[in-house]
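Q: Input structure: model.cif, which contains mmCIF, C-alpha atoms, pLDDT in the B column; chains and numbers go by the auth columns.
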data_query
#
loop_
_atom_site.group_PDB
_atom_site.id
_atom_site.type_symbol
_atom_site.label_atom_id
_atom_site.label_comp_id
_atom_site.label_asym_id
_atom_site.label_seq_id
_atom_site.Cartn_x
_atom_site.Cartn_y
_atom_site.Cartn_z
_atom_site.B_iso_or_equiv
_atom_site.auth_seq_id
_atom_site.auth_asym_id
ATOM 1 C CA MET A 1 -11.409 -8.054 17.166 41.00 12 A
ATOM 2 C CA ALA A 2 -10.076 -8.655 13.618 54.00 13 A
ATOM 3 C CA ARG A 3 -6.767 -10.506 13.600 56.00 14 A
ATOM 4 C CA ASP A 4 -3.541 -9.370 11.985 59.00 15 A
ATOM 5 C CA ALA A 5 -3.534 -11.214 8.638 57.00 16 A
ATOM 6 C CA TRP A 6 -0.342 -9.703 7.259 54.00 17 A
ATOM 7 C CA ASP A 7 2.323 -12.303 6.497 63.00 18 A
ATOM 8 C CA PRO A 8 5.803 -10.953 5.645 63.00 19 A
ATOM 9 C CA ALA A 9 6.857 -14.118 3.795 66.00 20 A
ATOM 10 C CA ARG A 10 3.677 -14.158 1.726 67.00 21 A
ATOM 11 C CA TYR A 11 3.987 -10.457 0.922 57.00 22 A
ATOM 12 C CA ASP A 12 7.629 -10.857 -0.117 66.00 23 A
ATOM 13 C CA ARG A 13 6.868 -13.647 -2.577 71.00 24 A
ATOM 14 C CA PHE A 14 6.801 -10.950 -5.279 71.00 25 A
ATOM 15 C CA ARG A 15 9.396 -8.783 -3.600 71.00 26 A
ATOM 16 C CA ARG A 16 11.149 -7.624 -6.771 81.00 27 A
ATOM 17 C CA GLU A 17 7.914 -6.584 -8.474 86.00 28 A
ATOM 18 C CA ARG A 18 6.612 -4.764 -5.404 83.00 29 A
ATOM 19 C CA ARG A 19 9.831 -2.736 -5.087 91.00 30 A
ATOM 20 C CA GLU A 20 9.622 -1.103 -8.535 94.00 31 A
ATOM 21 C CA PRO A 21 7.053 1.586 -7.606 96.00 32 A
ATOM 22 C CA PHE A 22 9.029 2.440 -4.458 96.00 33 A
ATOM 23 C CA PHE A 23 12.057 3.478 -6.474 96.00 34 A
ATOM 24 C CA ASP A 24 9.920 5.412 -8.963 97.00 35 A
ATOM 25 C CA LEU A 25 8.301 7.287 -6.082 98.00 36 A
ATOM 26 C CA LEU A 26 11.643 7.939 -4.417 98.00 37 A
ATOM 27 C CA ALA A 27 12.923 9.434 -7.680 98.00 38 A
ATOM 28 C CA LEU A 28 10.305 12.201 -7.361 98.00 39 A
ATOM 29 C CA VAL A 29 11.599 13.369 -3.966 98.00 40 A
ATOM 30 C CA ARG A 30 13.874 16.395 -3.832 98.00 41 A
ATOM 31 C CA ARG A 31 16.876 15.600 -1.659 97.00 42 A
ATOM 32 C CA ARG A 32 17.814 18.047 1.042 97.00 43 A
ATOM 33 C CA PRO A 33 20.356 17.757 3.857 97.00 44 A
ATOM 34 C CA GLY A 34 19.136 16.767 7.305 97.00 45 A
ATOM 35 C CA MET A 35 15.618 15.698 6.311 98.00 46 A
ATOM 36 C CA ARG A 36 13.058 14.511 8.877 98.00 47 A
ATOM 37 C CA VAL A 37 11.066 11.730 7.233 98.00 48 A
ATOM 38 C CA ALA A 38 8.084 9.490 7.958 98.00 49 A
ATOM 39 C CA ASP A 39 7.381 6.309 5.993 98.00 50 A
ATOM 40 C CA LEU A 40 3.704 5.522 6.549 98.00 51 A
ATOM 41 C CA GLY A 41 2.770 1.889 6.012 95.00 52 A
ATOM 42 C CA CYS A 42 6.396 0.790 6.233 95.00 53 A
ATOM 43 C CA GLY A 43 5.722 -2.954 6.463 91.00 54 A
ATOM 44 C CA THR A 44 8.861 -4.920 7.332 91.00 55 A
ATOM 45 C CA GLY A 45 11.029 -1.797 7.182 94.00 56 A
ATOM 46 C CA ASP A 46 13.278 -3.078 4.391 93.00 57 A
ATOM 47 C CA LEU A 47 12.370 -0.227 2.042 95.00 58 A
ATOM 48 C CA THR A 48 12.292 2.264 4.919 97.00 59 A
ATOM 49 C CA ARG A 49 15.946 1.477 5.475 96.00 60 A
ATOM 50 C CA LEU A 50 16.651 2.202 1.800 96.00 61 A
ATOM 51 C CA LEU A 51 14.632 5.424 1.970 98.00 62 A
ATOM 52 C CA HIS A 52 16.611 6.594 5.002 98.00 63 A
ATOM 53 C CA ARG A 53 19.931 5.703 3.399 97.00 64 A
ATOM 54 C CA GLU A 54 19.206 7.140 -0.055 97.00 65 A
ATOM 55 C CA LEU A 55 18.023 10.466 1.385 98.00 66 A
ATOM 56 C CA GLN A 56 20.794 10.524 4.018 97.00 67 A
ATOM 57 C CA ALA A 57 18.033 11.689 6.329 98.00 68 A
ATOM 58 C CA ALA A 58 18.676 12.991 9.813 98.00 69 A
ATOM 59 C CA ALA A 59 15.705 11.071 11.211 98.00 70 A
ATOM 60 C CA THR A 60 13.292 8.573 9.667 98.00 71 A
ATOM 61 C CA THR A 61 10.357 6.872 11.363 98.00 72 A
ATOM 62 C CA GLY A 62 8.585 3.884 9.822 97.00 73 A
ATOM 63 C CA VAL A 63 4.957 3.562 10.907 97.00 74 A
ATOM 64 C CA ASP A 64 2.731 0.498 10.472 95.00 75 A
ATOM 65 C CA THR A 65 -0.286 -1.051 12.196 93.00 76 A
ATOM 66 C CA SER A 66 0.853 -4.673 11.750 90.00 77 A
ATOM 67 C CA ALA A 67 2.845 -6.183 14.592 90.00 78 A
ATOM 68 C CA ALA A 68 3.726 -9.132 12.336 87.00 79 A
ATOM 69 C CA MET A 69 5.276 -6.892 9.713 85.00 80 A
ATOM 70 C CA LEU A 70 7.033 -4.683 12.251 91.00 81 A
ATOM 71 C CA ALA A 71 8.540 -7.739 13.924 90.00 82 A
ATOM 72 C CA GLU A 72 10.833 -7.900 10.892 85.00 83 A
ATOM 73 C CA SER A 73 11.889 -4.257 11.213 87.00 84 A
ATOM 74 C CA GLY A 74 13.976 -4.587 14.372 84.00 85 A
ATOM 75 C CA ARG A 75 17.092 -5.610 12.461 90.00 86 A
ATOM 76 C CA PHE A 76 16.944 -2.374 10.460 92.00 87 A
ATOM 77 C CA ALA A 77 16.652 0.041 13.391 92.00 88 A
ATOM 78 C CA SER A 78 19.708 2.223 13.841 93.00 89 A
ATOM 79 C CA PRO A 79 20.619 5.721 15.025 93.00 90 A
ATOM 80 C CA GLY A 80 18.237 8.013 13.172 97.00 91 A
ATOM 81 C CA LEU A 81 16.002 5.164 11.968 97.00 92 A
ATOM 82 C CA ALA A 82 13.138 4.035 14.199 96.00 93 A
ATOM 83 C CA PHE A 83 9.836 2.198 13.853 97.00 94 A
ATOM 84 C CA ALA A 84 6.458 2.653 15.534 96.00 95 A
ATOM 85 C CA GLN A 85 3.292 0.589 15.632 96.00 96 A
ATOM 86 C CA ALA A 86 0.465 3.044 15.042 96.00 97 A
ATOM 87 C CA ASP A 87 -2.418 3.886 12.747 95.00 98 A
ATOM 88 C CA LEU A 88 -1.254 6.425 10.165 94.00 99 A
ATOM 89 C CA ARG A 89 -4.555 8.251 10.671 94.00 100 A
ATOM 90 C CA ASP A 90 -3.570 9.017 14.279 94.00 101 A
ATOM 91 C CA TRP A 91 0.221 9.031 14.392 96.00 102 A
ATOM 92 C CA THR A 92 1.787 12.431 14.940 96.00 103 A
ATOM 93 C CA PRO A 93 5.527 13.166 14.741 97.00 104 A
ATOM 94 C CA PRO A 94 7.266 15.042 17.553 95.00 105 A
ATOM 95 C CA ALA A 95 8.161 17.846 15.113 96.00 106 A
ATOM 96 C CA PRO A 96 7.061 18.920 11.615 98.00 107 A
ATOM 97 C CA LEU A 97 8.397 16.737 8.817 98.00 108 A
ATOM 98 C CA ASP A 98 10.327 17.478 5.650 98.00 109 A
ATOM 99 C CA LEU A 99 8.856 14.443 3.893 98.00 110 A
ATOM 100 C CA VAL A 100 5.776 12.283 4.355 98.00 111 A
ATOM 101 C CA PHE A 101 6.350 9.173 2.242 98.00 112 A
ATOM 102 C CA SER A 102 3.874 6.348 1.727 98.00 113 A
ATOM 103 C CA ASN A 103 4.276 3.484 -0.716 96.00 114 A
ATOM 104 C CA ALA A 104 1.182 1.275 -1.236 94.00 115 A
ATOM 105 C CA ALA A 105 -0.555 1.936 2.081 95.00 116 A
ATOM 106 C CA LEU A 106 -3.124 4.731 1.794 97.00 117 A
ATOM 107 C CA GLN A 107 -5.495 2.545 -0.247 95.00 118 A
ATOM 108 C CA TRP A 108 -6.410 0.877 3.055 93.00 119 A
ATOM 109 C CA VAL A 109 -7.677 4.144 4.512 95.00 120 A
ATOM 110 C CA PRO A 110 -10.964 5.772 3.421 95.00 121 A
ATOM 111 C CA ASN A 111 -11.655 9.450 2.703 97.00 122 A
ATOM 112 C CA HIS A 112 -8.457 10.506 0.986 98.00 123 A
ATOM 113 C CA GLU A 113 -9.508 14.149 0.917 98.00 124 A
ATOM 114 C CA ALA A 114 -9.410 14.321 4.710 97.00 125 A
ATOM 115 C CA LEU A 115 -6.424 11.982 4.963 98.00 126 A
ATOM 116 C CA LEU A 116 -4.165 13.973 2.629 98.00 127 A
ATOM 117 C CA GLU A 117 -5.192 17.180 4.365 98.00 128 A
ATOM 118 C CA ARG A 118 -4.036 15.657 7.643 98.00 129 A
ATOM 119 C CA LEU A 119 -0.778 14.373 6.165 98.00 130 A
ATOM 120 C CA THR A 120 0.144 17.671 4.524 98.00 131 A
ATOM 121 C CA GLY A 121 -0.581 19.267 7.889 97.00 132 A
ATOM 122 C CA LEU A 122 2.340 17.276 9.314 98.00 133 A
ATOM 123 C CA LEU A 123 4.781 19.016 6.968 98.00 134 A
ATOM 124 C CA ALA A 124 7.134 21.839 7.786 98.00 135 A
ATOM 125 C CA PRO A 125 7.190 24.806 5.368 97.00 136 A
ATOM 126 C CA GLY A 126 8.651 23.520 2.104 97.00 137 A
ATOM 127 C CA GLY A 127 7.888 19.934 3.105 98.00 138 A
ATOM 128 C CA GLN A 128 7.100 17.240 0.563 98.00 139 A
ATOM 129 C CA LEU A 129 4.399 14.598 0.229 98.00 140 A
ATOM 130 C CA ALA A 130 5.167 11.478 -1.844 98.00 141 A
ATOM 131 C CA VAL A 131 2.490 8.781 -2.159 98.00 142 A
ATOM 132 C CA GLN A 132 1.936 5.705 -4.308 98.00 143 A
ATOM 133 C CA VAL A 133 -1.376 3.833 -4.298 98.00 144 A
ATOM 134 C CA PRO A 134 -2.456 0.800 -6.329 96.00 145 A
ATOM 135 C CA ALA A 135 -5.235 1.591 -8.815 97.00 146 A
ATOM 136 C CA ASN A 136 -5.921 -1.924 -10.101 96.00 147 A
ATOM 137 C CA TYR A 137 -9.388 -2.095 -8.554 96.00 148 A
ATOM 138 C CA ASP A 138 -11.030 -2.878 -11.927 96.00 149 A
ATOM 139 C CA HIS A 139 -8.799 -5.882 -12.702 97.00 150 A
ATOM 140 C CA PRO A 140 -10.370 -9.366 -12.305 97.00 151 A
ATOM 141 C CA SER A 141 -7.877 -10.125 -9.523 96.00 152 A
ATOM 142 C CA HIS A 142 -9.708 -7.470 -7.495 96.00 153 A
ATOM 143 C CA THR A 143 -13.293 -7.569 -8.742 97.00 154 A
ATOM 144 C CA LEU A 144 -13.564 -11.344 -8.354 97.00 155 A
ATOM 145 C CA ALA A 145 -12.784 -11.132 -4.649 97.00 156 A
ATOM 146 C CA ALA A 146 -15.933 -9.078 -4.102 97.00 157 A
ATOM 147 C CA GLU A 147 -17.954 -11.428 -6.301 97.00 158 A
ATOM 148 C CA ILE A 148 -16.873 -14.465 -4.272 98.00 159 A
ATOM 149 C CA ALA A 149 -17.566 -12.591 -1.027 98.00 160 A
ATOM 150 C CA ARG A 150 -21.204 -12.258 -2.094 97.00 161 A
ATOM 151 C CA GLU A 151 -21.575 -16.028 -2.419 98.00 162 A
ATOM 152 C CA ALA A 152 -22.752 -18.345 0.354 97.00 163 A
ATOM 153 C CA PRO A 153 -21.410 -19.107 2.902 97.00 164 A
ATOM 154 C CA PHE A 154 -18.984 -16.177 2.770 98.00 165 A
ATOM 155 C CA ARG A 155 -21.722 -13.556 2.460 98.00 166 A
ATOM 156 C CA GLU A 156 -23.287 -14.655 5.739 98.00 167 A
ATOM 157 C CA VAL A 157 -20.017 -14.811 7.676 98.00 168 A
ATOM 158 C CA LEU A 158 -18.917 -11.429 6.312 97.00 169 A
ATOM 159 C CA GLU A 159 -22.403 -10.004 7.015 97.00 170 A
ATOM 160 C CA GLY A 160 -22.484 -8.571 3.512 96.00 171 A
ATOM 161 C CA TRP A 161 -19.120 -6.789 3.769 97.00 172 A
ATOM 162 C CA THR A 162 -16.897 -6.512 0.704 96.00 173 A
ATOM 163 C CA HIS A 163 -13.730 -4.546 0.103 94.00 174 A
ATOM 164 C CA PRO A 164 -14.493 -1.060 -1.315 93.00 175 A
ATOM 165 C CA ALA A 165 -14.888 -1.298 -5.085 92.00 176 A
ATOM 166 C CA LYS A 166 -12.780 1.813 -5.698 94.00 177 A
ATOM 167 C CA PRO A 167 -10.581 2.669 -2.715 94.00 178 A
ATOM 168 C CA VAL A 168 -8.638 5.486 -4.416 97.00 179 A
ATOM 169 C CA LEU A 169 -9.357 8.686 -6.347 98.00 180 A
ATOM 170 C CA ASP A 170 -8.627 9.324 -10.012 98.00 181 A
ATOM 171 C CA PRO A 171 -5.247 10.917 -10.814 98.00 182 A
ATOM 172 C CA GLU A 172 -6.818 14.239 -11.807 98.00 183 A
ATOM 173 C CA GLU A 173 -8.707 14.315 -8.504 98.00 184 A
ATOM 174 C CA TYR A 174 -5.454 13.881 -6.604 98.00 185 A
ATOM 175 C CA ALA A 175 -3.875 16.691 -8.633 98.00 186 A
ATOM 176 C CA ALA A 176 -6.748 19.031 -7.796 98.00 187 A
ATOM 177 C CA LEU A 177 -6.628 17.980 -4.155 98.00 188 A
ATOM 178 C CA LEU A 178 -2.885 18.614 -3.857 98.00 189 A
ATOM 179 C CA ASP A 179 -3.406 22.042 -5.400 98.00 190 A
ATOM 180 C CA ARG A 180 -6.112 22.867 -2.843 98.00 191 A
ATOM 181 C CA LEU A 181 -3.757 21.756 -0.088 98.00 192 A
ATOM 182 C CA GLY A 182 -1.114 24.235 -1.204 97.00 193 A
ATOM 183 C CA CYS A 183 1.101 22.033 -3.399 97.00 194 A
ATOM 184 C CA ARG A 184 1.517 24.417 -6.309 93.00 195 A
ATOM 185 C CA THR A 185 4.448 22.340 -7.525 98.00 196 A
ATOM 186 C CA GLN A 186 3.379 18.745 -8.000 98.00 197 A
ATOM 187 C CA HIS A 187 3.641 15.615 -10.107 98.00 198 A
ATOM 188 C CA VAL A 188 0.775 13.097 -10.463 98.00 199 A
ATOM 189 C CA ARG A 189 0.713 10.189 -12.893 98.00 200 A
ATOM 190 C CA LEU A 190 -0.925 6.845 -13.570 98.00 201 A
ATOM 191 C CA GLN A 191 1.655 4.188 -14.397 98.00 202 A
ATOM 192 C CA VAL A 192 1.097 0.633 -15.606 98.00 203 A
ATOM 193 C CA TYR A 193 3.590 -1.919 -14.294 97.00 204 A
ATOM 194 C CA GLY A 194 3.875 -5.127 -16.283 96.00 205 A
ATOM 195 C CA HIS A 195 4.762 -8.219 -14.279 94.00 206 A
ATOM 196 C CA HIS A 196 5.598 -11.544 -15.898 95.00 207 A
ATOM 197 C CA LEU A 197 4.235 -14.245 -13.593 94.00 208 A
ATOM 198 C CA ALA A 198 4.961 -17.946 -14.022 93.00 209 A
ATOM 199 C CA GLU A 199 1.256 -18.827 -14.256 94.00 210 A
ATOM 200 C CA THR A 200 -2.164 -17.217 -13.915 94.00 211 A
ATOM 201 C CA ALA A 201 -2.609 -18.721 -10.437 94.00 212 A
ATOM 202 C CA ASP A 202 0.247 -16.457 -9.303 94.00 213 A
ATOM 203 C CA ALA A 203 -2.133 -13.489 -9.656 95.00 214 A
ATOM 204 C CA ALA A 204 -4.183 -15.068 -6.855 95.00 215 A
ATOM 205 C CA ARG A 205 -1.064 -15.597 -4.773 93.00 216 A
ATOM 206 C CA TRP A 206 -0.163 -11.927 -5.376 93.00 217 A
ATOM 207 C CA THR A 207 -3.457 -10.628 -3.958 94.00 218 A
ATOM 208 C CA GLN A 208 -3.313 -13.203 -1.168 93.00 219 A
ATOM 209 C CA GLY A 209 -0.480 -11.112 0.270 89.00 220 A
ATOM 210 C CA THR A 210 -2.353 -7.792 -0.011 91.00 221 A
ATOM 211 C CA LEU A 211 -6.013 -7.344 -0.994 94.00 222 A
ATOM 212 C CA LEU A 212 -7.224 -10.666 0.390 95.00 223 A
ATOM 213 C CA THR A 213 -5.852 -9.936 3.859 93.00 224 A
ATOM 214 C CA ALA A 214 -8.955 -7.775 4.353 94.00 225 A
ATOM 215 C CA TYR A 215 -11.084 -10.903 3.923 96.00 226 A
ATOM 216 C CA GLU A 216 -8.736 -13.127 5.898 95.00 227 A
ATOM 217 C CA ARG A 217 -9.033 -10.833 8.927 93.00 228 A
ATOM 218 C CA ARG A 218 -12.821 -11.206 8.887 95.00 229 A
ATOM 219 C CA LEU A 219 -13.158 -14.937 8.208 97.00 230 A
ATOM 220 C CA PRO A 220 -12.377 -17.937 10.427 96.00 231 A
ATOM 221 C CA ALA A 221 -9.278 -19.746 9.175 95.00 232 A
ATOM 222 C CA ALA A 222 -11.166 -22.735 7.743 97.00 233 A
ATOM 223 C CA VAL A 223 -13.686 -20.513 5.981 98.00 234 A
ATOM 224 C CA TYR A 224 -10.956 -18.307 4.567 97.00 235 A
ATOM 225 C CA ALA A 225 -9.165 -21.368 3.182 97.00 236 A
ATOM 226 C CA ARG A 226 -12.362 -22.215 1.276 98.00 237 A
ATOM 227 C CA PHE A 227 -12.714 -18.588 0.187 98.00 238 A
ATOM 228 C CA PHE A 228 -9.194 -18.456 -1.218 97.00 239 A
ATOM 229 C CA GLU A 229 -9.527 -21.758 -3.088 97.00 240 A
ATOM 230 C CA ARG A 230 -12.837 -20.638 -4.616 98.00 241 A
ATOM 231 C CA TYR A 231 -11.259 -17.298 -5.561 97.00 242 A
ATOM 232 C CA ARG A 232 -8.167 -18.948 -7.066 96.00 243 A
ATOM 233 C CA GLU A 233 -10.275 -21.313 -9.191 96.00 244 A
ATOM 234 C CA ALA A 234 -12.527 -18.478 -10.383 97.00 245 A
ATOM 235 C CA LEU A 235 -9.568 -16.248 -11.241 96.00 246 A
ATOM 236 C CA VAL A 236 -7.814 -18.957 -13.263 96.00 247 A
ATOM 237 C CA ALA A 237 -11.086 -19.633 -15.086 96.00 248 A
ATOM 238 C CA ARG A 238 -11.455 -15.912 -15.859 96.00 249 A
ATOM 239 C CA LEU A 239 -7.836 -15.291 -16.904 95.00 250 A
ATOM 240 C CA GLY A 240 -7.150 -18.651 -18.496 92.00 251 A
ATOM 241 C CA SER A 241 -5.005 -21.467 -17.173 88.00 252 A
ATOM 242 C CA GLY A 242 -1.352 -21.994 -17.898 82.00 253 A
ATOM 243 C CA GLY A 243 1.459 -19.515 -18.142 82.00 254 A
ATOM 244 C CA PRO A 244 3.397 -17.400 -18.261 93.00 255 A
ATOM 245 C CA TYR A 245 0.909 -14.666 -17.383 95.00 256 A
ATOM 246 C CA PHE A 246 1.393 -10.937 -18.033 96.00 257 A
ATOM 247 C CA PHE A 247 -0.076 -9.164 -14.991 96.00 258 A
ATOM 248 C CA SER A 248 -0.729 -5.498 -15.803 96.00 259 A
ATOM 249 C CA PHE A 249 -0.933 -3.460 -12.614 96.00 260 A
ATOM 250 C CA LYS A 250 -1.951 0.216 -12.510 97.00 261 A
ATOM 251 C CA ARG A 251 -0.617 2.524 -9.815 98.00 262 A
ATOM 252 C CA ILE A 252 -0.922 6.238 -9.082 98.00 263 A
ATOM 253 C CA LEU A 253 2.225 8.111 -8.057 98.00 264 A
ATOM 254 C CA MET A 254 1.903 11.595 -6.632 98.00 265 A
ATOM 255 C CA TRP A 255 4.316 14.122 -5.240 98.00 266 A
ATOM 256 C CA GLY A 256 3.858 17.689 -4.070 98.00 267 A
ATOM 257 C CA ILE A 257 5.780 20.368 -2.199 98.00 268 A
ATOM 258 C CA ARG A 258 4.203 23.036 -0.015 92.00 269 A
#
Please express the file's structure as structure tokens.
A:
Amino acid sequence: MARDAWDPARYDRFRRERREPFFDLLALVRRRPGMRVADLGCGTGDLTRLLHRELQAAATTGVDTSAAMLAESGRFASPGLAFAQADLRDWTPPAPLDLVFSNAALQWVPNHEALLERLTGLLAPGGQLAVQVPANYDHPSHTLAAEIAREAPFREVLEGWTHPAKPVLDPEEYAALLDRLGCRTQHVRLQVYGHHLAETADAARWTQGTLLTAYERRLPAAVYARFFERYREALVARLGSGGPYFFSFKRILMWGIR
């Protein structure tokens, strides 16, 4: 069974940069009194707490598959704010929701047509869907990981597996999908976030906390250590050594109301 490779401390190394899209996504949500909310892929629960507070929601549930990440969420639990370890593809709320919110999580799940149909099905009449997914799959920080995975000895250990080359749809495809799912009022956009990193090697440390966890789960610890060092060296060679480094990161933000 694949191990849990999520590391809260590693993920939070770029905490400030990772929070920017959350607030942009939250700004799209229409506030209503007494909202019932789910935050799918809640991680440590830090932003779930902010979501619950900013919306003054009646009930918010943070859902995540990672026990390591959820171990950090206990200190945020309070009346009206709870957390559950579950796969977002299977989790079902006890009652229809006013908001399904997901910040940087759905890219881990395939078949977004079926997934968004399921998630909109969890909404009460007039409910809202707010989702942000990274769309930086064509950046060297992402493409190089697959290239290294095809090298020996990683190819053999991974049995040819690589992370999907394009795990998300195009913005216009999401807009059409939301329309088919009954979201006549919607907002979909591609946004480029510019992050000023101290050096190019920080781009490798960034993906070490996200994208590369998919490889870490599938590789023995010693082999993964070799994989990451090979990846880091290749990425610095591709991007250029030194610093500071401007890391452009594309994300898709979408919101719809049924």
Q: Which value, in Å to one decimal, gives the distance between atom CA of Ala88 of chain A and atom CA of Leu58 of chain A?
A: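 Atom CA of Ala88 of chain A sits 12.1 Å away from atom CA of Leu58 of chain A.
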Q: Mind telling me what the PyMOL selection byres ((chain A and resi 190) around 12) catches here, as an MDAnalysis selection string?
A: chainID A and resid 124 127:128 131 183:189 191:199 265:269
Q: May I ask which of the residues A:Tyr204, A:Phe87, A:Trp217, A:Phe239 is the closest one to Asp35 of chain A, counting all atoms listed in the file?
A: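 Smallest distance to Asp35 of chain A is found for A:Tyr204.
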Q: Got a sec: who's within 12 Å of Leu99 of chain A, counting only C-alpha atoms, leaving out chain neighbours fewer than 3 positions off, as JSON, numbers by chain?
A: {"A": [49, 50, 51, 52, 53, 72, 73, 74, 75, 76, 77, 95, 96, 102, 103, 104, 111, 112, 113, 116, 117, 118, 119, 120, 121, 126, 127, 129, 130, 133]}
Q: Record the distance separating atom CA of Arg64 of chain A and atom CA of Arg43 of chain A, expressed in Å with one decimal.
A: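 So the answer is 12.7 Å.
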Q: Rank nothing, just name the residue among A:Gly253, A:Pro182, A:Ala97, A:Ala115 nearest to Leu208 of chain A, using all atoms listed in the file.
A: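 Residue with the minimum atom-to-atom distance to Leu208 of chain A: A:Gly253.
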Q: So how far away is atom CA of His174 of chain A from atom CA of Ala212 of chain A, in Å?
A: 20.9 Å
